file entry.pdb (PDB, C-alpha atoms)
ATOM      1  CA  MET A  19     -24.058  24.876  56.300
ATOM      2  CA  THR A  20     -23.583  25.230  52.567
ATOM      3  CA  ILE A  21     -23.452  28.987  52.863
ATOM      4  CA  GLN A  22     -20.664  28.778  55.424
ATOM      5  CA  LYS A  23     -18.678  26.367  53.225
ATOM      6  CA  ASN A  24     -18.905  28.637  50.189
ATOM      7  CA  SER A  25     -18.019  31.673  52.244
ATOM      8  CA  LEU A  26     -14.865  29.894  53.398
ATOM      9  CA  ALA A  27     -13.979  28.462  49.991
ATOM     10  CA  SER A  28     -14.389  31.714  48.071
ATOM     11  CA  PRO A  29     -11.555  33.673  49.760
ATOM     12  CA  LEU A  30      -9.285  30.629  49.487
ATOM     13  CA  GLY A  31     -10.147  30.251  45.819
ATOM     14  CA  ASN A  32      -9.417  33.899  45.142
ATOM     15  CA  LEU A  33      -6.142  33.614  47.039
ATOM     16  CA  LEU A  34      -5.005  30.691  44.869
ATOM     17  CA  HIS A  35      -6.400  32.115  41.643
ATOM     18  CA  TYR A  36      -4.127  35.176  41.517
ATOM     19  CA  PRO A  37      -0.757  33.343  41.657
ATOM     20  CA  LEU A  38      -2.005  30.778  39.133
ATOM     21  CA  VAL A  39      -2.967  33.569  36.736
ATOM     22  CA  ARG A  40       0.426  35.233  37.181
ATOM     23  CA  ILE A  41       2.290  31.952  36.646
ATOM     24  CA  THR A  42       0.238  31.233  33.517
ATOM     25  CA  LYS A  43       0.951  34.706  32.160
ATOM     26  CA  LEU A  44       4.660  34.311  32.923
ATOM     27  CA  GLY A  45       4.746  31.005  31.068
ATOM     28  CA  LYS A  46       2.933  32.513  28.083
ATOM     29  CA  ASN A  47       5.299  35.490  27.965
ATOM     30  CA  THR A  48       8.310  33.175  28.207
ATOM     31  CA  GLU A  49       6.996  31.061  25.342
ATOM     32  CA  GLU A  50       6.428  34.158  23.199
ATOM     33  CA  TYR A  51       9.926  35.423  23.998
ATOM     34  CA  ILE A  52      11.510  32.105  22.989
ATOM     35  CA  GLN A  53       9.523  32.117  19.752
ATOM     36  CA  LYS A  54      10.630  35.680  18.991
ATOM     37  CA  LEU A  55      14.243  34.775  19.772
ATOM     38  CA  GLY A  56      14.064  31.810  17.420
ATOM     39  CA  ALA A  57      12.475  33.910  14.675
ATOM     40  CA  TRP A  58      15.203  36.536  15.138
ATOM     41  CA  GLY A  59      17.875  33.839  14.828
ATOM     42  CA  VAL A  60      16.392  32.572  11.554
ATOM     43  CA  PHE A  61      16.124  36.164  10.323
ATOM     44  CA  VAL A  62      19.767  36.895  11.165
ATOM     45  CA  TRP A  63      20.978  33.726   9.473
ATOM     46  CA  ALA A  64      19.100  34.620   6.292
ATOM     47  CA  ALA A  65      20.571  38.137   6.377
ATOM     48  CA  PHE A  66      24.119  36.828   6.896
ATOM     49  CA  ARG A  67      23.662  34.356   4.090
ATOM     50  CA  GLY A  68      22.793  37.287   1.850
ATOM     51  CA  ILE A  69      26.066  38.976   2.865
ATOM     52  CA  LEU A  70      28.211  35.874   2.326
ATOM     53  CA  LEU A  71      26.534  35.142  -1.014
ATOM     54  CA  PRO A  72      25.764  38.675  -2.211
ATOM     55  CA  ARG A  73      23.264  39.182  -4.979
ATOM     56  CA  PHE A  74      23.300  42.954  -4.828
ATOM     57  CA  ARG A  75      25.643  45.611  -6.144
ATOM     58  CA  PHE A  76      28.301  47.063  -3.879
ATOM     59  CA  SER A  77      26.849  50.503  -4.593
ATOM     60  CA  VAL A  78      23.796  49.470  -2.563
ATOM     61  CA  ILE A  79      26.016  48.996   0.503
ATOM     62  CA  LEU A  80      27.610  52.388  -0.111
ATOM     63  CA  LYS A  81      24.158  53.968  -0.166
ATOM     64  CA  GLU A  82      23.254  52.280   3.120
ATOM     65  CA  ILE A  83      26.577  53.330   4.669
ATOM     66  CA  TYR A  84      25.702  56.901   3.759
ATOM     67  CA  LEU A  85      22.229  56.615   5.293
ATOM     68  CA  ILE A  86      23.285  54.751   8.436
ATOM     69  CA  GLY A  87      26.793  56.070   8.985
ATOM     70  CA  ASN A  88      27.350  59.406   7.301
ATOM     71  CA  GLN A  89      24.059  60.934   8.400
ATOM     72  CA  SER A  90      24.810  59.932  12.004
ATOM     73  CA  VAL A  91      28.234  61.600  12.175
ATOM     74  CA  SER A  92      27.020  64.982  13.444
ATOM     75  CA  ILE A  93      25.016  63.644  16.370
ATOM     76  CA  ILE A  94      27.774  61.147  17.195
ATOM     77  CA  ALA A  95      30.439  63.866  17.172
ATOM     78  CA  LEU A  96      28.440  66.322  19.291
ATOM     79  CA  THR A  97      27.481  63.673  21.824
ATOM     80  CA  GLY A  98      31.077  62.470  22.023
ATOM     81  CA  LEU A  99      32.349  66.025  22.532
ATOM     82  CA  PHE A 100      29.955  66.838  25.373
ATOM     83  CA  THR A 101      30.419  63.409  26.947
ATOM     84  CA  GLY A 102      34.177  63.938  26.942
ATOM     85  CA  MET A 103      33.772  67.359  28.534
ATOM     86  CA  VAL A 104      31.598  65.947  31.315
ATOM     87  CA  LEU A 105      34.028  63.071  31.785
ATOM     88  CA  GLY A 106      36.912  65.547  31.953
ATOM     89  CA  VAL A 107      35.258  67.625  34.681
ATOM     90  CA  GLN A 108      34.141  64.617  36.713
ATOM     91  CA  GLY A 109      37.465  62.841  36.284
ATOM     92  CA  TYR A 110      39.462  65.912  37.251
ATOM     93  CA  HIS A 111      37.625  66.488  40.520
ATOM     94  CA  THR A 112      37.766  62.784  41.380
ATOM     95  CA  LEU A 113      41.505  62.519  40.677
ATOM     96  CA  ALA A 114      42.189  65.811  42.478
ATOM     97  CA  ARG A 115      41.245  64.149  45.761
ATOM     98  CA  PHE A 116      44.265  61.872  45.361
ATOM     99  CA  GLY A 117      46.584  64.417  43.759
ATOM    100  CA  SER A 118      46.531  62.539  40.432
ATOM    101  CA  GLU A 119      45.092  65.128  38.062
ATOM    102  CA  ASP A 120      47.743  64.298  35.447
ATOM    103  CA  ALA A 121      46.152  60.850  35.012
ATOM    104  CA  LEU A 122      43.052  62.427  33.460
ATOM    105  CA  GLY A 123      44.099  61.587  29.898
ATOM    106  CA  SER A 124      44.524  57.931  30.784
ATOM    107  CA  GLY A 125      41.080  57.801  32.383
ATOM    108  CA  VAL A 126      39.391  59.537  29.468
ATOM    109  CA  ILE A 127      40.874  57.325  26.749
ATOM    110  CA  TYR A 128      40.239  54.100  28.661
ATOM    111  CA  THR A 129      36.635  54.991  29.460
ATOM    112  CA  MET A 130      35.950  56.181  25.926
ATOM    113  CA  LEU A 131      37.363  53.173  24.098
ATOM    114  CA  SER A 132      36.231  50.461  26.488
ATOM    115  CA  GLU A 133      32.752  51.636  27.480
ATOM    116  CA  LEU A 134      31.268  55.004  26.574
ATOM    117  CA  GLY A 135      32.362  55.027  22.939
ATOM    118  CA  PRO A 136      30.889  51.674  21.845
ATOM    119  CA  VAL A 137      27.823  51.799  24.112
ATOM    120  CA  LEU A 138      26.669  55.372  23.486
ATOM    121  CA  THR A 139      27.380  55.064  19.762
ATOM    122  CA  ALA A 140      25.190  51.966  19.619
ATOM    123  CA  LEU A 141      22.389  53.612  21.604
ATOM    124  CA  LEU A 142      22.463  56.671  19.344
ATOM    125  CA  LEU A 143      22.519  54.434  16.272
ATOM    126  CA  ILE A 144      19.485  52.546  17.555
ATOM    127  CA  GLY A 145      17.599  55.761  18.240
ATOM    128  CA  ARG A 146      18.388  57.412  14.917
ATOM    129  CA  ALA A 147      19.089  54.804  12.245
ATOM    130  CA  GLY A 148      17.444  51.798  13.904
ATOM    131  CA  SER A 149      14.075  53.461  14.418
ATOM    132  CA  ALA A 150      14.076  54.808  10.851
ATOM    133  CA  LEU A 151      15.035  51.392   9.474
ATOM    134  CA  CYS A 152      12.295  49.637  11.438
ATOM    135  CA  ALA A 153       9.661  52.137  10.313
ATOM    136  CA  GLU A 154      10.813  51.912   6.680
ATOM    137  CA  LEU A 155      10.578  48.127   6.549
ATOM    138  CA  GLY A 156       7.315  48.200   8.491
ATOM    139  CA  VAL A 157       5.709  50.547   5.975
ATOM    140  CA  MET A 158       6.994  48.405   3.100
ATOM    141  CA  ARG A 159       5.501  45.311   4.708
ATOM    142  CA  HIS A 160       2.193  47.061   5.450
ATOM    143  CA  SER A 161       1.894  48.371   1.874
ATOM    144  CA  ASN A 162       2.711  44.909   0.422
ATOM    145  CA  GLN A 163       5.919  46.113  -1.236
ATOM    146  CA  ILE A 164       7.863  43.203   0.264
ATOM    147  CA  ASP A 165       5.295  40.721  -1.050
ATOM    148  CA  GLN A 166       5.573  42.323  -4.481
ATOM    149  CA  LEU A 167       9.335  41.742  -4.454
ATOM    150  CA  THR A 168       8.693  38.072  -3.742
ATOM    151  CA  CYS A 169       6.234  37.914  -6.640
ATOM    152  CA  MET A 170       8.955  39.308  -8.927
ATOM    153  CA  ALA A 171      11.333  36.506  -7.811
ATOM    154  CA  ILE A 172      13.457  38.985  -5.829
ATOM    155  CA  GLU A 173      14.556  37.748  -2.418
ATOM    156  CA  PRO A 174      13.520  40.505   0.056
ATOM    157  CA  MET A 175      16.198  39.580   2.590
ATOM    158  CA  ASN A 176      19.004  39.904   0.045
ATOM    159  CA  PHE A 177      17.571  43.066  -1.466
ATOM    160  CA  LEU A 178      16.478  44.951   1.671
ATOM    161  CA  VAL A 179      18.111  43.585   4.825
ATOM    162  CA  SER A 180      21.544  42.178   3.949
ATOM    163  CA  PRO A 181      22.946  45.477   2.568
ATOM    164  CA  LYS A 182      21.719  47.323   5.664
ATOM    165  CA  LEU A 183      23.299  44.779   8.001
ATOM    166  CA  ALA A 184      26.595  44.925   6.098
ATOM    167  CA  ALA A 185      26.521  48.726   6.225
ATOM    168  CA  GLY A 186      25.873  48.622   9.970
ATOM    169  CA  LEU A 187      28.818  46.290  10.563
ATOM    170  CA  ILE A 188      31.079  48.649   8.608
ATOM    171  CA  SER A 189      29.729  51.950   9.931
ATOM    172  CA  THR A 190      29.546  51.254  13.660
ATOM    173  CA  PRO A 191      33.302  50.829  14.306
ATOM    174  CA  VAL A 192      33.988  54.038  12.368
ATOM    175  CA  LEU A 193      31.297  55.923  14.285
ATOM    176  CA  THR A 194      32.691  54.560  17.550
ATOM    177  CA  LEU A 195      36.136  55.862  16.638
ATOM    178  CA  ILE A 196      34.667  59.283  15.777
ATOM    179  CA  PHE A 197      32.809  59.353  19.094
ATOM    180  CA  SER A 198      35.975  58.467  21.010
ATOM    181  CA  VAL A 199      38.120  61.051  19.193
ATOM    182  CA  PHE A 200      35.635  63.823  19.914
ATOM    183  CA  GLY A 201      35.395  62.565  23.481
ATOM    184  CA  ILE A 202      39.160  62.963  23.836
ATOM    185  CA  VAL A 203      38.870  66.484  22.432
ATOM    186  CA  GLY A 204      36.092  67.237  24.915
ATOM    187  CA  GLY A 205      38.220  65.932  27.768
ATOM    188  CA  TYR A 206      41.081  68.151  26.577
ATOM    189  CA  ILE A 207      38.835  71.222  26.478
ATOM    190  CA  ALA A 208      37.504  70.607  29.988
ATOM    191  CA  GLY A 209      40.701  69.351  31.591
ATOM    192  CA  VAL A 210      43.438  71.382  29.913
ATOM    193  CA  LEU A 211      41.820  74.574  28.621
ATOM    194  CA  VAL A 212      39.291  75.089  31.420
ATOM    195  CA  LEU A 213      40.712  73.398  34.519
ATOM    196  CA  GLY A 214      44.362  73.983  33.685
ATOM    197  CA  ILE A 215      46.111  70.617  33.832
ATOM    198  CA  SER A 216      49.185  70.060  31.688
ATOM    199  CA  GLY A 217      48.448  69.322  28.040
ATOM    200  CA  GLY A 218      51.583  67.202  27.798
ATOM    201  CA  ALA A 219      50.514  65.101  30.768
ATOM    202  CA  TYR A 220      47.060  64.671  29.237
ATOM    203  CA  PHE A 221      48.363  63.323  25.924
ATOM    204  CA  ASN A 222      51.105  61.265  27.589
ATOM    205  CA  GLY A 223      48.395  59.536  29.608
ATOM    206  CA  ILE A 224      46.488  58.821  26.413
ATOM    207  CA  ALA A 225      49.558  57.447  24.616
ATOM    208  CA  SER A 226      50.572  55.232  27.536
ATOM    209  CA  SER A 227      47.084  53.749  27.947
ATOM    210  CA  ILE A 228      46.423  52.652  24.366
ATOM    211  CA  ASP A 229      47.291  48.989  23.865
ATOM    212  CA  GLY A 230      46.104  45.991  21.888
ATOM    213  CA  THR A 231      43.712  44.781  24.578
ATOM    214  CA  LEU A 232      41.915  48.111  24.754
ATOM    215  CA  MET A 233      41.617  48.428  20.979
ATOM    216  CA  ARG A 234      40.430  44.838  20.644
ATOM    217  CA  MET A 235      37.729  45.420  23.261
ATOM    218  CA  CYS A 236      36.583  48.570  21.465
ATOM    219  CA  LEU A 237      36.474  46.869  18.048
ATOM    220  CA  VAL A 238      34.687  43.734  19.264
ATOM    221  CA  LYS A 239      32.059  45.762  21.091
ATOM    222  CA  ALA A 240      31.532  48.116  18.161
ATOM    223  CA  VAL A 241      30.972  45.266  15.690
ATOM    224  CA  ALA A 242      28.722  43.339  18.093
ATOM    225  CA  PHE A 243      26.625  46.382  18.961
ATOM    226  CA  GLY A 244      26.297  47.425  15.331
ATOM    227  CA  PHE A 245      25.099  43.938  14.463
ATOM    228  CA  LEU A 246      22.549  43.976  17.297
ATOM    229  CA  ALA A 247      21.304  47.490  16.531
ATOM    230  CA  ILE A 248      20.608  46.849  12.849
ATOM    231  CA  SER A 249      19.420  43.241  13.082
ATOM    232  CA  ILE A 250      16.916  43.890  15.893
ATOM    233  CA  ALA A 251      15.523  46.987  14.173
ATOM    234  CA  ALA A 252      15.285  45.255  10.791
ATOM    235  CA  SER A 253      13.677  42.153  12.294
ATOM    236  CA  ASN A 254      10.969  44.178  14.046
ATOM    237  CA  GLY A 255      10.145  46.108  10.888
ATOM    238  CA  PHE A 256      10.347  43.164   8.490
ATOM    239  CA  ASN A 257       8.079  40.988  10.663
ATOM    240  CA  VAL A 258       5.604  43.702  11.657
ATOM    241  CA  HIS A 259       2.786  41.724  10.012
ATOM    242  CA  ARG A 260       3.106  39.072  12.722
ATOM    243  CA  ARG A 261       2.112  41.501  15.461
ATOM    244  CA  VAL A 262      -1.400  41.620  16.884
ATOM    245  CA  GLU A 263      -1.753  45.321  16.071
ATOM    246  CA  GLU A 264      -2.284  46.322  12.459
ATOM    247  CA  GLY A 265      -1.583  49.427  10.414
ATOM    248  CA  ALA A 266       0.101  52.506  11.820
ATOM    249  CA  SER A 267      -0.365  51.304  15.393
ATOM    250  CA  GLY A 268       1.537  48.106  14.672
ATOM    251  CA  ILE A 269       4.391  49.989  12.987
ATOM    252  CA  SER A 270       4.706  52.464  15.866
ATOM    253  CA  ARG A 271       4.726  49.676  18.450
ATOM    254  CA  ALA A 272       7.267  47.711  16.418
ATOM    255  CA  THR A 273       9.525  50.774  16.244
ATOM    256  CA  THR A 274       9.225  51.353  19.988
ATOM    257  CA  SER A 275       9.939  47.684  20.631
ATOM    258  CA  ALA A 276      13.002  47.819  18.377
ATOM    259  CA  VAL A 277      14.485  50.790  20.253
ATOM    260  CA  VAL A 278      13.755  49.412  23.729
ATOM    261  CA  THR A 279      14.800  45.833  22.973
ATOM    262  CA  GLY A 280      17.924  46.938  21.123
ATOM    263  CA  SER A 281      19.022  49.275  23.915
ATOM    264  CA  ILE A 282      18.528  46.706  26.678
ATOM    265  CA  THR A 283      20.247  43.996  24.630
ATOM    266  CA  VAL A 284      23.254  46.236  23.961
ATOM    267  CA  LEU A 285      23.663  46.975  27.672
ATOM    268  CA  PHE A 286      23.356  43.290  28.581
ATOM    269  CA  ILE A 287      25.837  42.164  25.917
ATOM    270  CA  ASP A 288      28.157  44.972  27.040
ATOM    271  CA  TYR A 289      28.319  43.388  30.485
ATOM    272  CA  LEU A 290      29.070  39.958  29.008
ATOM    273  CA  LEU A 291      31.773  41.260  26.661
ATOM    274  CA  THR A 292      33.377  43.370  29.393
ATOM    275  CA  SER A 293      33.522  40.354  31.696
ATOM    276  CA  ALA A 294      35.055  38.232  28.939
ATOM    277  CA  LEU A 295      37.551  40.723  27.499
ATOM    278  CA  ILE A 296      38.724  42.786  30.453
TER     279      ILE A 296
END
call {"tool": "encode", "arguments": {"input": "entry.pdb", "output": "C-alpha cells"}}
result
Amino acid sequence: MTIQKNSLASPLGNLLHYPLVRITKLGKNTEEYIQKLGAWGVFVWAAFRGILLPRFRFSVILKEIYLIGNQSVSIIALTGLFTGMVLGVQGYHTLARFGSEDALGSGVIYTMLSELGPVLTALLLIGRAGSALCAELGVMRHSNQIDQLTCMAIEPMNFLVSPKLAAGLISTPVLTLIFSVFGIVGGYIAGVLVLGISGGAYFNGIASSIDGTLMRMCLVKAVAFGFLAISIAASNGFNVHRRVEEGASGISRATTSAVVTGSITVLFIDYLLTSALI
C-alpha cells in the first residue's frame, strides 16, 4: 500500500516541483534586476553631480570627446552612407508602385532624422566606444587603480566617469547629425545618380520635410541614447567587482552585458520616445 502511495505521489511532486522552481528563479532574477536598476540610478546621479559640480579641467572633456566622438566619425559616416543608399533603393521601388518616386527625399530625411540616425548611431557608439569604456574601467577596477584614487582623496566618479558622460552627451548629437547627412548623400547617390529621379525633386522633398518637430525628435533621441550608451557601459565596468565572475572572465562578461543591455534599452526607449514625440 505504501509503495502504491509513493508511486502516485512522486509524479505529482515532480509535476509541482518544476513550476515552483521556475517561479522561484523568476523572482530571484526580478530581485537582482531591481537591485541593478537601483545601483545604476545611484551611479548615474553621482556622475551627473560630477558634471553639475565639476572638479576636473575642461581639457579632460575635450580628450574624452576625441576618444568617444572623433574616433567614431569614420564608422558613423560609412554606416550612414550605406544605410542611405539602401534606404534610397528600397524607398524608390516602394514609391514607384504608387507613382511617387519624387517623394524619395522626404522619406529619406524623415527616416534618417526620426529613427535610423539616432538609433543606429547609438548602437554603433555602444559597440565601439561603450565596449571600450566598459573594458577600460573594468581593468582599472580589477587592478585596484580605482581604489588607489580613493586612497589619494580623488573621487573616482568625478575623475573617471563624469567627463566621459559629459563627452557622450555632447558627441552623440553631433555623430547623429553626421550619420544623417551621409545618409542623405547615400540616398542621393542611389536615387538620383543610379535610379535617375530628379535631383531637384529629391532636395525639395528634403527641404519641405524638415521642421521643428522632426529636429526636436532627433535631438531628444540623440541626447537620451548617448546618455544611456555611456552610463550603462560605464556602470558595468565601474562595478565589475560586484559580479560573481572574477578577473578577465568578469570583465568580458561585463562588457558583453553592457553592449546587450545598452542596445536593448536604446530600442525600448526609442519606442517610448517615438510614441511621446510623434
call {"tool": "residues_around", "arguments": {"input": "entry.pdb", "residues": "A:Leu232", "least_positions_apart": "3", "cutoff": "12 Å", "atoms": "all atoms listed in the file", "output": "list of chain:residue names"}}
result
A:Ser124, A:Ile127, A:Tyr128, A:Thr129, A:Met130, A:Leu131, A:Ser132, A:Glu133, A:Gly135, A:Pro136, A:Ile224, A:Ser226, A:Ser227, A:Ile228, A:Asp229, A:Met235, A:Cys236, A:Leu237, A:Val238, A:Lys239, A:Thr292, A:Leu295, A:Ile296
call {"tool": "closest_residue", "arguments": {"input": "entry.pdb", "among": "A:Gln166, A:Ser90, A:Ser161, A:Ser293", "to": "A:His259", "atoms": "all atoms listed in the file"}}
result
A:Ser161
call {"tool": "resolve_selection", "arguments": {"input": "entry.pdb", "expression": "the PyMOL selection byres ((chain A and resi 89) around 12)", "output": "PDB file with C-alpha atoms, in the coordinates of the input"}}
result
ATOM      1  CA  LYS A  81      24.158  53.968  -0.166  1.00  0.00           C
ATOM      2  CA  GLU A  82      23.254  52.280   3.120  1.00  0.00           C
ATOM      3  CA  ILE A  83      26.577  53.330   4.669  1.00  0.00           C
ATOM      4  CA  TYR A  84      25.702  56.901   3.759  1.00  0.00           C
ATOM      5  CA  LEU A  85      22.229  56.615   5.293  1.00  0.00           C
ATOM      6  CA  ILE A  86      23.285  54.751   8.436  1.00  0.00           C
ATOM      7  CA  GLY A  87      26.793  56.070   8.985  1.00  0.00           C
ATOM      8  CA  ASN A  88      27.350  59.406   7.301  1.00  0.00           C
ATOM      9  CA  SER A  90      24.810  59.932  12.004  1.00  0.00           C
ATOM     10  CA  VAL A  91      28.234  61.600  12.175  1.00  0.00           C
ATOM     11  CA  SER A  92      27.020  64.982  13.444  1.00  0.00           C
ATOM     12  CA  ILE A  93      25.016  63.644  16.370  1.00  0.00           C
ATOM     13  CA  ILE A  94      27.774  61.147  17.195  1.00  0.00           C
ATOM     14  CA  ALA A  95      30.439  63.866  17.172  1.00  0.00           C
ATOM     15  CA  LEU A 142      22.463  56.671  19.344  1.00  0.00           C
ATOM     16  CA  LEU A 143      22.519  54.434  16.272  1.00  0.00           C
ATOM     17  CA  ARG A 146      18.388  57.412  14.917  1.00  0.00           C
ATOM     18  CA  ALA A 147      19.089  54.804  12.245  1.00  0.00           C
ATOM     19  CA  ALA A 150      14.076  54.808  10.851  1.00  0.00           C
ATOM     20  CA  SER A 189      29.729  51.950   9.931  1.00  0.00           C
ATOM     21  CA  LEU A 193      31.297  55.923  14.285  1.00  0.00           C
TER      22      LEU A 193
END
call {"tool": "atom_distance", "arguments": {"input": "entry.pdb", "atom1": "atom CA of A:Ser149", "atom2": "atom CA of A:Ala252"}}
result
9.1 Å
call {"tool": "axis_aligned_box", "arguments": {"input": "entry.pdb", "around": "stretch 81-95 of chain A", "padding_each_side": "5 Å", "output": "JSON"}}
result
{"center_x": 26.3, "center_y": 58.6, "center_z": 8.5, "size_x": 18.2, "size_y": 22.7, "size_z": 27.4}
call {"tool": "resolve_selection", "arguments": {"input": "entry.pdb", "expression": "the PyMOL selection byres ((chain A and resi 155-157) around 12)", "output": "ChimeraX atom specification"}}
result
/A:148-154,158-165,174-175,177-179,182,248,251-261,264-273,276
call {"tool": "residues_around", "arguments": {"input": "entry.pdb", "residues": "A:Ala240", "least_positions_apart": "4", "cutoff": "12 Å", "atoms": "all atoms listed in the file", "output": "PyMOL selection string"}}
result
chain A and resi 131-141+143+186-198+233-236+244-247+284+287-288+291
call {"tool": "atom_distance", "arguments": {"input": "entry.pdb", "atom1": "atom CA of A:Leu167", "atom2": "atom CA of A:Phe66"}}
result
19.3 Å
call {"tool": "atom_distance", "arguments": {"input": "entry.pdb", "atom1": "atom CA of A:Phe61", "atom2": "atom CA of A:Gly145"}}
result
21.2 Å
call {"tool": "resolve_selection", "arguments": {"input": "entry.pdb", "expression": "the PyMOL selection byres ((chain A and resi 205) around 12)", "output": "MDAnalysis selection string"}}
result
chainID A and resid 98:110 121:127 129:130 198:204 206:215 217 220:221 224
call {"tool": "decode", "arguments": {"input": "entry.pdb", "residues": "stretch 67-109 of chain A", "atoms": "C-alpha atoms", "output": "short mmCIF file (atom, residue, chain, number, x, y, z; two decimals), in the first residue's frame"}}
result
data_model
loop_
_atom_site.label_atom_id
_atom_site.label_comp_id
_atom_site.auth_asym_id
_atom_site.auth_seq_id
_atom_site.Cartn_x
_atom_site.Cartn_y
_atom_site.Cartn_z
CA ARG A 67 26.56 65.51 -9.78
CA GLY A 68 30.15 65.45 -11.00
CA ILE A 69 29.05 67.24 -14.19
CA LEU A 70 26.99 69.89 -12.39
CA LEU A 71 29.76 70.48 -9.84
CA PRO A 72 32.85 69.81 -11.97
CA ARG A 73 36.15 69.18 -10.29
CA PHE A 74 38.04 68.39 -13.46
CA ARG A 75 39.57 70.50 -16.19
CA PHE A 76 37.64 71.16 -19.38
CA SER A 77 40.56 69.69 -21.31
CA VAL A 78 39.63 66.30 -19.86
CA ILE A 79 36.22 66.53 -21.55
CA LEU A 80 37.89 67.50 -24.82
CA LYS A 81 40.08 64.41 -24.58
CA GLU A 82 37.03 62.21 -23.99
CA ILE A 83 35.17 63.87 -26.87
CA TYR A 84 38.10 62.96 -29.10
CA LEU A 85 38.10 59.35 -27.89
CA ILE A 86 34.32 58.86 -27.96
CA GLY A 87 33.29 61.17 -30.79
CA ASN A 88 36.14 61.89 -33.16
CA GLN A 89 37.36 58.31 -33.38
CA SER A 90 33.82 57.15 -34.19
CA VAL A 91 33.29 59.53 -37.12
CA SER A 92 34.60 57.19 -39.83
CA ILE A 93 32.43 54.22 -38.91
CA ILE A 94 29.43 56.51 -38.37
CA ALA A 95 29.89 58.16 -41.77
CA LEU A 96 30.36 54.90 -43.68
CA THR A 97 27.39 53.26 -42.00
CA GLY A 98 25.24 56.32 -42.66
CA LEU A 99 26.27 56.38 -46.32
CA PHE A 100 25.46 52.73 -46.97
CA THR A 101 22.26 52.92 -44.93
CA GLY A 102 21.13 55.88 -47.01
CA MET A 103 21.91 54.02 -50.22
CA VAL A 104 19.87 51.00 -49.11
CA LEU A 105 17.06 53.29 -47.99
CA GLY A 106 17.17 55.07 -51.35
CA VAL A 107 16.84 51.83 -53.32
CA GLN A 108 14.12 50.40 -51.09
CA GLY A 109 12.24 53.69 -50.94
#
